[in-house]
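Have a look at protein-v1.txt below; it lists compact mmCIF, N, CA and C atoms.
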```txt
# COMPACT_ATOMS: atom_id res chain seq x y z
N GLN I 133 110.52 97.29 59.85
CA GLN I 133 111.34 96.54 60.79
C GLN I 133 112.77 97.06 60.75
N VAL I 134 113.35 97.31 61.92
CA VAL I 134 114.72 97.79 62.02
C VAL I 134 115.57 96.65 62.58
N GLU I 135 116.69 96.40 61.97
CA GLU I 135 117.60 95.36 62.43
C GLU I 135 118.86 95.99 63.02
N LEU I 136 119.34 95.39 64.13
CA LEU I 136 120.53 95.86 64.80
C LEU I 136 121.47 94.69 65.02
N VAL I 137 122.75 94.91 64.79
CA VAL I 137 123.75 93.85 64.98
C VAL I 137 124.91 94.42 65.78
N GLU I 138 125.13 93.85 66.99
CA GLU I 138 126.23 94.30 67.83
C GLU I 138 127.51 93.56 67.48
N SER I 139 128.64 94.19 67.79
CA SER I 139 129.95 93.57 67.67
C SER I 139 130.89 94.25 68.65
N GLY I 140 132.06 93.62 68.85
CA GLY I 140 133.08 94.25 69.68
C GLY I 140 133.20 93.70 71.08
N GLY I 141 132.31 92.77 71.45
CA GLY I 141 132.44 92.17 72.77
C GLY I 141 133.67 91.29 72.86
N GLY I 142 133.99 90.86 74.08
CA GLY I 142 135.13 89.99 74.27
C GLY I 142 135.50 89.89 75.73
N SER I 143 136.71 89.40 75.98
CA SER I 143 137.21 89.22 77.33
C SER I 143 138.37 90.15 77.58
N VAL I 144 138.34 90.85 78.70
CA VAL I 144 139.41 91.77 79.07
C VAL I 144 139.69 91.62 80.56
N GLN I 145 140.83 92.11 80.97
CA GLN I 145 141.15 92.15 82.39
C GLN I 145 140.62 93.45 83.01
N ALA I 146 140.43 93.41 84.31
CA ALA I 146 139.95 94.60 85.02
C ALA I 146 140.85 95.79 84.71
N GLY I 147 140.20 96.92 84.48
CA GLY I 147 140.92 98.13 84.11
C GLY I 147 141.04 98.33 82.61
N GLY I 148 140.69 97.32 81.84
CA GLY I 148 140.80 97.41 80.40
C GLY I 148 139.66 98.16 79.75
N SER I 149 139.71 98.23 78.42
CA SER I 149 138.72 98.98 77.65
C SER I 149 138.19 98.15 76.49
N LEU I 150 136.97 98.42 76.11
CA LEU I 150 136.36 97.84 74.92
C LEU I 150 135.45 98.89 74.31
N THR I 151 135.27 98.82 72.99
CA THR I 151 134.27 99.64 72.31
C THR I 151 133.31 98.72 71.58
N LEU I 152 132.05 98.78 71.96
CA LEU I 152 131.01 98.01 71.28
C LEU I 152 130.45 98.83 70.13
N SER I 153 130.12 98.16 69.05
CA SER I 153 129.49 98.79 67.90
C SER I 153 128.15 98.13 67.63
N CYS I 154 127.25 98.89 67.04
CA CYS I 154 125.92 98.38 66.71
C CYS I 154 125.53 98.94 65.35
N ALA I 155 125.48 98.07 64.35
CA ALA I 155 125.07 98.47 63.01
C ALA I 155 123.56 98.46 62.92
N VAL I 156 122.98 99.57 62.49
CA VAL I 156 121.53 99.74 62.42
C VAL I 156 121.12 99.80 60.96
N SER I 157 120.01 99.12 60.62
CA SER I 157 119.63 98.97 59.22
C SER I 157 118.90 100.18 58.65
N THR I 158 118.70 101.23 59.45
CA THR I 158 118.00 102.41 58.96
C THR I 158 118.75 103.66 59.37
N TYR I 159 118.47 104.73 58.64
CA TYR I 159 119.09 106.01 58.99
C TYR I 159 118.51 106.50 60.32
N MET I 160 119.39 106.80 61.26
CA MET I 160 118.94 107.25 62.57
C MET I 160 118.92 108.76 62.62
N GLY I 161 117.85 109.31 62.13
CA GLY I 161 117.72 110.75 62.19
C GLY I 161 117.01 111.19 63.44
N VAL I 162 116.22 112.25 63.31
CA VAL I 162 115.60 112.87 64.47
C VAL I 162 114.60 111.97 65.17
N ASN I 163 114.11 110.93 64.47
CA ASN I 163 113.02 110.13 65.02
C ASN I 163 113.47 108.99 65.92
N TYR I 164 114.77 108.80 66.07
CA TYR I 164 115.25 107.62 66.80
C TYR I 164 116.01 107.99 68.06
N CYS I 165 115.57 107.39 69.17
CA CYS I 165 116.32 107.41 70.41
C CYS I 165 117.16 106.14 70.45
N THR I 166 118.29 106.19 71.11
CA THR I 166 119.19 105.05 71.13
C THR I 166 119.59 104.70 72.56
N GLY I 167 119.95 103.44 72.76
CA GLY I 167 120.34 103.03 74.10
C GLY I 167 121.16 101.76 74.10
N TRP I 168 121.92 101.57 75.16
CA TRP I 168 122.66 100.35 75.42
C TRP I 168 122.20 99.77 76.75
N PHE I 169 122.06 98.46 76.79
CA PHE I 169 121.56 97.77 77.96
C PHE I 169 122.44 96.55 78.22
N ARG I 170 122.34 95.99 79.41
CA ARG I 170 123.10 94.78 79.70
C ARG I 170 122.29 93.88 80.62
N GLN I 171 122.63 92.59 80.54
CA GLN I 171 121.95 91.62 81.38
C GLN I 171 122.96 90.58 81.84
N ALA I 172 123.15 90.53 83.15
CA ALA I 172 124.03 89.53 83.75
C ALA I 172 123.20 88.30 84.11
N PRO I 173 123.83 87.14 84.26
CA PRO I 173 123.08 85.92 84.60
C PRO I 173 122.25 86.10 85.87
N GLY I 174 120.98 85.74 85.78
CA GLY I 174 120.10 85.81 86.93
C GLY I 174 119.62 87.21 87.27
N MET I 175 119.97 88.19 86.44
CA MET I 175 119.61 89.57 86.71
C MET I 175 118.67 90.08 85.63
N GLU I 176 117.94 91.15 85.96
CA GLU I 176 117.09 91.78 84.96
C GLU I 176 117.95 92.64 84.03
N ARG I 177 117.41 92.87 82.85
CA ARG I 177 118.10 93.75 81.91
C ARG I 177 118.06 95.17 82.45
N GLU I 178 119.21 95.86 82.39
CA GLU I 178 119.29 97.21 82.92
C GLU I 178 119.83 98.17 81.87
N GLY I 179 119.38 99.41 81.96
CA GLY I 179 119.88 100.44 81.07
C GLY I 179 121.26 100.88 81.49
N VAL I 180 122.15 101.02 80.53
CA VAL I 180 123.53 101.43 80.78
C VAL I 180 123.74 102.87 80.31
N ALA I 181 123.31 103.16 79.08
CA ALA I 181 123.50 104.49 78.51
C ALA I 181 122.41 104.73 77.48
N ALA I 182 121.98 105.97 77.36
CA ALA I 182 120.93 106.31 76.41
C ALA I 182 121.16 107.71 75.87
N ASP I 183 120.65 107.92 74.66
CA ASP I 183 120.89 109.20 74.01
C ASP I 183 119.64 109.61 73.23
N ALA I 184 119.38 110.89 73.17
CA ALA I 184 118.33 111.45 72.32
C ALA I 184 118.98 112.18 71.16
N PHE I 185 118.25 112.35 70.08
CA PHE I 185 118.83 113.06 68.94
C PHE I 185 119.11 114.50 69.31
N ARG I 186 118.17 115.12 69.99
CA ARG I 186 118.38 116.49 70.48
C ARG I 186 117.57 116.63 71.73
N GLY I 187 117.84 117.65 72.49
CA GLY I 187 117.04 117.89 73.68
C GLY I 187 117.80 117.50 74.93
N SER I 188 117.42 116.40 75.57
CA SER I 188 118.01 116.04 76.86
C SER I 188 119.45 115.55 76.69
N ASP I 189 120.21 115.64 77.75
CA ASP I 189 121.57 115.11 77.77
C ASP I 189 121.54 113.59 77.76
N SER I 190 122.64 113.00 77.41
CA SER I 190 122.75 111.55 77.49
C SER I 190 122.55 111.11 78.94
N GLN I 191 122.00 109.91 79.10
CA GLN I 191 121.76 109.35 80.43
C GLN I 191 122.67 108.15 80.63
N TYR I 192 123.18 108.01 81.85
CA TYR I 192 124.04 106.88 82.19
C TYR I 192 123.62 106.28 83.52
N ALA I 193 123.74 104.98 83.62
CA ALA I 193 123.56 104.33 84.91
C ALA I 193 124.64 104.83 85.87
N THR I 194 124.29 104.96 87.13
CA THR I 194 125.24 105.47 88.11
C THR I 194 126.53 104.64 88.14
N SER I 195 126.39 103.35 87.94
CA SER I 195 127.54 102.45 88.05
C SER I 195 128.55 102.62 86.92
N VAL I 196 128.15 103.26 85.82
CA VAL I 196 129.07 103.40 84.68
C VAL I 196 129.41 104.85 84.37
N LYS I 197 128.79 105.78 85.07
CA LYS I 197 129.01 107.19 84.78
C LYS I 197 130.48 107.54 84.94
N GLY I 198 131.01 108.25 83.94
CA GLY I 198 132.41 108.62 83.95
C GLY I 198 133.33 107.58 83.33
N ARG I 199 132.80 106.37 83.09
CA ARG I 199 133.61 105.30 82.48
C ARG I 199 133.12 104.93 81.09
N PHE I 200 131.82 105.02 80.85
CA PHE I 200 131.22 104.63 79.57
C PHE I 200 130.75 105.88 78.83
N THR I 201 130.80 105.81 77.49
CA THR I 201 130.33 106.91 76.66
C THR I 201 129.51 106.35 75.50
N ILE I 202 128.31 106.89 75.31
CA ILE I 202 127.47 106.50 74.18
C ILE I 202 127.67 107.49 73.05
N ALA I 203 127.68 106.98 71.82
CA ALA I 203 127.84 107.86 70.66
C ALA I 203 127.10 107.25 69.49
N ARG I 204 126.77 108.07 68.51
CA ARG I 204 126.15 107.58 67.29
C ARG I 204 126.82 108.24 66.10
N ASP I 205 126.87 107.52 65.01
CA ASP I 205 127.42 108.02 63.76
C ASP I 205 126.41 107.69 62.68
N ASN I 206 125.85 108.70 62.05
CA ASN I 206 124.81 108.44 61.06
C ASN I 206 125.36 108.06 59.69
N THR I 207 126.67 108.06 59.53
CA THR I 207 127.25 107.64 58.26
C THR I 207 128.47 106.77 58.50
N PRO I 208 128.38 105.43 58.61
CA PRO I 208 127.15 104.68 58.42
C PRO I 208 126.33 104.64 59.69
N ASN I 209 125.19 104.07 59.67
CA ASN I 209 124.28 104.07 60.80
C ASN I 209 124.79 103.16 61.89
N THR I 210 125.55 103.71 62.80
CA THR I 210 126.22 102.91 63.81
C THR I 210 126.14 103.58 65.17
N LEU I 211 125.88 102.77 66.18
CA LEU I 211 125.95 103.21 67.57
C LEU I 211 127.22 102.68 68.19
N TYR I 212 127.72 103.38 69.17
CA TYR I 212 128.91 102.94 69.88
C TYR I 212 128.71 103.04 71.38
N LEU I 213 129.38 102.15 72.09
CA LEU I 213 129.49 102.26 73.53
C LEU I 213 130.97 102.08 73.87
N LYS I 214 131.60 103.17 74.27
CA LYS I 214 133.01 103.12 74.63
C LYS I 214 133.10 102.88 76.12
N MET I 215 133.81 101.81 76.50
CA MET I 215 133.87 101.39 77.90
C MET I 215 135.30 101.40 78.37
N ASN I 216 135.57 102.21 79.37
CA ASN I 216 136.89 102.29 79.99
C ASN I 216 136.81 101.84 81.44
N GLY I 217 137.94 101.49 82.01
CA GLY I 217 137.97 101.11 83.41
C GLY I 217 137.05 99.96 83.74
N LEU I 218 136.99 98.96 82.88
CA LEU I 218 136.07 97.85 83.07
C LEU I 218 136.38 97.07 84.35
N GLN I 219 135.32 96.63 85.01
CA GLN I 219 135.42 95.89 86.25
C GLN I 219 134.66 94.57 86.12
N PRO I 220 134.98 93.57 86.96
CA PRO I 220 134.28 92.28 86.86
C PRO I 220 132.76 92.42 86.92
N GLU I 221 132.26 93.39 87.66
CA GLU I 221 130.80 93.57 87.75
C GLU I 221 130.19 94.10 86.46
N ASP I 222 131.00 94.48 85.49
CA ASP I 222 130.50 94.89 84.18
C ASP I 222 130.25 93.69 83.27
N THR I 223 130.62 92.50 83.73
CA THR I 223 130.41 91.29 82.93
C THR I 223 128.93 91.06 82.69
N ALA I 224 128.55 90.93 81.41
CA ALA I 224 127.14 90.77 81.04
C ALA I 224 127.05 90.62 79.53
N ILE I 225 125.85 90.30 79.07
CA ILE I 225 125.54 90.43 77.64
C ILE I 225 125.05 91.85 77.42
N TYR I 226 125.63 92.52 76.43
CA TYR I 226 125.29 93.90 76.14
C TYR I 226 124.43 93.96 74.88
N TYR I 227 123.37 94.76 74.95
CA TYR I 227 122.44 94.90 73.85
C TYR I 227 122.33 96.38 73.45
N CYS I 228 122.22 96.63 72.15
CA CYS I 228 121.85 97.96 71.69
C CYS I 228 120.36 97.94 71.32
N ALA I 229 119.75 99.11 71.37
CA ALA I 229 118.33 99.22 71.06
C ALA I 229 118.02 100.61 70.56
N VAL I 230 116.96 100.70 69.76
CA VAL I 230 116.48 102.00 69.30
C VAL I 230 114.97 102.05 69.49
N ARG I 231 114.46 103.25 69.62
CA ARG I 231 113.01 103.42 69.67
C ARG I 231 112.62 104.53 68.72
N TYR I 232 111.56 104.29 68.02
CA TYR I 232 111.10 105.25 67.02
C TYR I 232 110.09 106.19 67.65
N ARG I 233 110.26 107.47 67.38
CA ARG I 233 109.32 108.47 67.82
C ARG I 233 108.74 109.16 66.60
N PRO I 234 107.40 109.26 66.48
CA PRO I 234 106.81 109.91 65.30
C PRO I 234 107.28 111.35 65.13
N THR I 235 107.52 112.01 66.26
CA THR I 235 108.14 113.33 66.20
C THR I 235 109.59 113.15 66.62
N ALA I 236 110.31 114.20 66.81
CA ALA I 236 111.73 114.09 67.13
C ALA I 236 111.94 113.44 68.50
N CYS I 237 113.00 112.67 68.62
CA CYS I 237 113.39 112.09 69.91
C CYS I 237 114.08 113.18 70.72
N THR I 238 113.48 113.56 71.84
CA THR I 238 114.06 114.64 72.64
C THR I 238 114.41 114.22 74.06
N THR I 239 114.09 112.98 74.42
CA THR I 239 114.33 112.53 75.79
C THR I 239 115.03 111.19 75.79
N ALA I 240 116.20 111.13 76.39
CA ALA I 240 116.91 109.86 76.53
C ALA I 240 116.27 109.05 77.65
N SER I 241 116.22 107.73 77.49
CA SER I 241 115.60 106.88 78.50
C SER I 241 116.40 105.62 78.72
N LEU I 242 116.59 105.25 79.99
CA LEU I 242 117.28 104.01 80.35
C LEU I 242 116.30 102.85 80.58
N SER I 243 115.02 103.08 80.33
CA SER I 243 114.02 102.04 80.56
C SER I 243 113.90 101.11 79.36
N PRO I 244 114.20 99.83 79.53
CA PRO I 244 114.13 98.90 78.39
C PRO I 244 112.73 98.84 77.76
N ASP I 245 111.69 99.06 78.55
CA ASP I 245 110.33 98.93 78.05
C ASP I 245 110.01 99.94 76.95
N ARG I 246 110.78 100.98 76.83
CA ARG I 246 110.48 102.04 75.87
C ARG I 246 111.07 101.77 74.49
N TYR I 247 111.80 100.70 74.33
CA TYR I 247 112.52 100.47 73.08
C TYR I 247 111.83 99.44 72.22
N ASN I 248 111.79 99.73 70.91
CA ASN I 248 111.05 98.90 69.97
C ASN I 248 111.89 97.81 69.32
N PHE I 249 113.16 98.13 69.06
CA PHE I 249 114.00 97.23 68.27
C PHE I 249 115.30 96.95 69.02
N TRP I 250 115.72 95.68 68.98
CA TRP I 250 116.86 95.22 69.76
C TRP I 250 117.82 94.40 68.90
N GLY I 251 119.10 94.47 69.27
CA GLY I 251 120.09 93.58 68.70
C GLY I 251 120.09 92.25 69.44
N GLN I 252 120.95 91.34 68.99
CA GLN I 252 120.98 90.00 69.54
C GLN I 252 121.89 89.88 70.76
N GLY I 253 122.70 90.89 71.01
CA GLY I 253 123.57 90.91 72.17
C GLY I 253 124.99 90.47 71.88
N THR I 254 125.92 90.99 72.66
CA THR I 254 127.33 90.59 72.56
C THR I 254 127.88 90.45 73.99
N GLN I 255 128.65 89.39 74.20
CA GLN I 255 129.14 89.08 75.55
C GLN I 255 130.37 89.92 75.88
N VAL I 256 130.36 90.48 77.08
CA VAL I 256 131.53 91.16 77.63
C VAL I 256 131.89 90.47 78.94
N THR I 257 133.13 90.01 79.04
CA THR I 257 133.60 89.32 80.24
C THR I 257 134.84 90.03 80.77
N VAL I 258 134.79 90.42 82.03
CA VAL I 258 135.90 91.13 82.66
C VAL I 258 136.43 90.28 83.80
N SER I 259 137.70 89.95 83.74
CA SER I 259 138.31 89.12 84.77
C SER I 259 139.14 89.98 85.71
N SER I 260 139.22 89.53 86.96
CA SER I 260 139.97 90.30 87.97
C SER I 260 141.43 89.90 87.99
```
Can you present the structure in this file as structure tokens?
Amino acid sequence: QVELVESGGGSVQAGGSLTLSCAVSTYMGVNYCTGWFRQAPGMEREGVAADAFRGSDSQYATSVKGRFTIARDNTPNTLYLKMNGLQPEDTAIYYCAVRYRPTACTTASLSPDRYNFWGQGTQVTVSS
């Protein structure tokens, strides 16, 4: 079982920045793909950013491309989502997730269905 704990959410004004962190209870080596997702009230959970250990480039939702950046640091086992130029439509609960691959993770995916382990979420609120 892998545990994930997000932090760094909060309230900002439009145009502001936040960096979300996600502490992961296991070493994220070649076998783990990583992703960030969000869910606004009344909406389905959507993929925001995803990364593979090697192989494909990072993937971003069209709405956040150029503003958000996904990163991982294996010492300690932490994922990051750096968010710049935040807009009111970015308001949502943000979740980090990882998926285990028996062989190396080579393809980033924005599909929530592909992820095995999830954090509890952190609220991001952007006011105009």
Contacts of Asn163 of chain I at 6.5 Å (only N, CA and C atoms; same-chain gap of 6+ positions) as a ChimeraX atom specification
/I:231-237
Choose the residue, out of I:Val156, I:Leu242, I:Leu136, I:Val258, that has the smallest atom-to-atom separation from Ala193 of chain I; count only C-alpha atoms.
I:Leu242
Could you tell me how far atom C of Gly174 of chain I sits from atom CA of Arg204 of chain I, in Å to one decimal place?
29.3 Å
Long-range neighbours of Val137 of chain I as a CSV table (one decimal) with N, CA and C atoms, in the frame of the given file, 8 Å cut-off, all atoms listed in the file, 6 positions minimum in chain:
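The result, written out as around.csv:
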```
chain,number,residue,atom,x,y,z
I,153,SER,N,130.1,98.2,69.0
I,153,SER,CA,129.5,98.8,67.9
I,153,SER,C,128.2,98.1,67.6
I,154,CYS,N,127.2,98.9,67.0
I,154,CYS,CA,125.9,98.4,66.7
I,154,CYS,C,125.5,98.9,65.4
I,155,ALA,N,125.5,98.1,64.4
I,155,ALA,CA,125.1,98.5,63.0
I,155,ALA,C,123.6,98.5,62.9
I,156,VAL,N,123.0,99.6,62.5
I,156,VAL,CA,121.5,99.7,62.4
I,156,VAL,C,121.1,99.8,61.0
I,157,SER,N,120.0,99.1,60.6
I,157,SER,CA,119.6,99.0,59.2
I,157,SER,C,118.9,100.2,58.6
I,228,CYS,N,122.2,96.6,72.2
I,228,CYS,CA,121.8,98.0,71.7
I,228,CYS,C,120.4,97.9,71.3
I,250,TRP,N,115.7,95.7,69.0
I,250,TRP,CA,116.9,95.2,69.8
I,250,TRP,C,117.8,94.4,68.9
I,251,GLY,N,119.1,94.5,69.3
I,251,GLY,CA,120.1,93.6,68.7
I,251,GLY,C,120.1,92.2,69.4
I,252,GLN,N,121.0,91.3,69.0
I,252,GLN,CA,121.0,90.0,69.5
I,252,GLN,C,121.9,89.9,70.8
I,253,GLY,N,122.7,90.9,71.0
I,253,GLY,CA,123.6,90.9,72.2
I,253,GLY,C,125.0,90.5,71.9
I,254,THR,N,125.9,91.0,72.7
I,254,THR,CA,127.3,90.6,72.6
I,254,THR,C,127.9,90.4,74.0
```
Give the answer as one residue: which of I:Asn216, I:Tyr247, I:Arg186, I:Ala224 has the shortest atom-to-atom distance to Gly161 of chain I, using only N, CA and C atoms?
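Using only N, CA and C atoms, the shortest distance to Gly161 of chain I belongs to I:Arg186.
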Taking all atoms listed in the file into account, name the residue in I:Leu218, I:Val180, I:Leu213, I:Ile202 that is nearest to Gln145 of chain I.
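Smallest distance to Gln145 of chain I is found for I:Leu218.
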All strand (DSSP E) residues (DSSP, backbone) inside chain I, as a ChimeraX atom specification
/I:136-139,142-145,150-156,164-171,178-183,191-192,200-206,209-215,224-232,249-250,254-259
Find the residue from I:Val196, I:Val134, I:Val230, I:Leu152 that sits nearest to Thr166 of chain I; use only N, CA and C atoms when measuring.
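Going through I:Val196, I:Val134, I:Val230, I:Leu152 one by one, the smallest distance to Thr166 of chain I is for I:Val230.
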Computed interatomic separation between atom CA of Leu150 of chain I and atom CA of Tyr212 of chain I (Å)
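Calculated distance between atom CA of Leu150 of chain I and atom CA of Tyr212 of chain I is 10.3 Å.
Ranking I:Phe249, I:Met215, I:Met175, I:Thr223 by their shortest atom-to-atom distance to Phe200 of chain I, with only N, CA and C atoms included, puts I:Met215 first.
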Give me, as a PyMOL selection string, all polymer residues having an atom no more than 10 Å from Thr158 of chain I, counting only C-alpha atoms and skipping those fewer than 4 positions away in the same chain.
chain I and resi 133-136+164+206+208-210
Hey, can you spit out that residue selection with N, CA and C atoms as a short mmCIF file (atom, residue, chain, number, x, y, z; two decimals), in the coordinates of the input?
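Output file selection.cif follows:
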```cif
data_model
loop_
_atom_site.label_atom_id
_atom_site.label_comp_id
_atom_site.auth_asym_id
_atom_site.auth_seq_id
_atom_site.Cartn_x
_atom_site.Cartn_y
_atom_site.Cartn_z
N GLN I 133 110.52 97.29 59.85
CA GLN I 133 111.34 96.54 60.79
C GLN I 133 112.77 97.06 60.75
N VAL I 134 113.35 97.31 61.92
CA VAL I 134 114.72 97.79 62.02
C VAL I 134 115.57 96.65 62.58
N GLU I 135 116.69 96.40 61.97
CA GLU I 135 117.60 95.36 62.43
C GLU I 135 118.86 95.99 63.02
N LEU I 136 119.34 95.39 64.13
CA LEU I 136 120.53 95.86 64.80
C LEU I 136 121.47 94.69 65.02
N TYR I 164 114.77 108.80 66.07
CA TYR I 164 115.25 107.62 66.80
C TYR I 164 116.01 107.99 68.06
N ASN I 206 125.85 108.70 62.05
CA ASN I 206 124.81 108.44 61.06
C ASN I 206 125.36 108.06 59.69
N PRO I 208 128.38 105.43 58.61
CA PRO I 208 127.15 104.68 58.42
C PRO I 208 126.33 104.64 59.69
N ASN I 209 125.19 104.07 59.67
CA ASN I 209 124.28 104.07 60.80
C ASN I 209 124.79 103.16 61.89
N THR I 210 125.55 103.71 62.80
CA THR I 210 126.22 102.91 63.81
C THR I 210 126.14 103.58 65.17
#
```
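Across the structure, atom CA of Trp168 of chain I and atom CA of Glu221 of chain I are spaced 16.3 Å apart.
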List the neighbours of Val144 of chain I out to 7 Å using only N, CA and C atoms; skip same-chain residues closer than 5 positions along the sequence, and give me the result as number ranges by chain.
I: 149, 256-260
Residues of the last selection are to be written out with N, CA and C atoms, as a PDB file, in the coordinates of the input.
```
ATOM      1  N   SER I 149     139.710  98.230  78.420  1.00  0.00           N
ATOM      2  CA  SER I 149     138.720  98.980  77.650  1.00  0.00           C
ATOM      3  C   SER I 149     138.190  98.150  76.490  1.00  0.00           C
ATOM      4  N   VAL I 256     130.360  90.480  77.080  1.00  0.00           N
ATOM      5  CA  VAL I 256     131.530  91.160  77.630  1.00  0.00           C
ATOM      6  C   VAL I 256     131.890  90.470  78.940  1.00  0.00           C
ATOM      7  N   THR I 257     133.130  90.010  79.040  1.00  0.00           N
ATOM      8  CA  THR I 257     133.600  89.320  80.240  1.00  0.00           C
ATOM      9  C   THR I 257     134.840  90.030  80.770  1.00  0.00           C
ATOM     10  N   VAL I 258     134.790  90.420  82.030  1.00  0.00           N
ATOM     11  CA  VAL I 258     135.900  91.130  82.660  1.00  0.00           C
ATOM     12  C   VAL I 258     136.430  90.280  83.800  1.00  0.00           C
ATOM     13  N   SER I 259     137.700  89.950  83.740  1.00  0.00           N
ATOM     14  CA  SER I 259     138.310  89.120  84.770  1.00  0.00           C
ATOM     15  C   SER I 259     139.140  89.980  85.710  1.00  0.00           C
ATOM     16  N   SER I 260     139.220  89.530  86.960  1.00  0.00           N
ATOM     17  CA  SER I 260     139.970  90.300  87.970  1.00  0.00           C
ATOM     18  C   SER I 260     141.430  89.900  87.990  1.00  0.00           C
TER      19      SER I 260
END
```
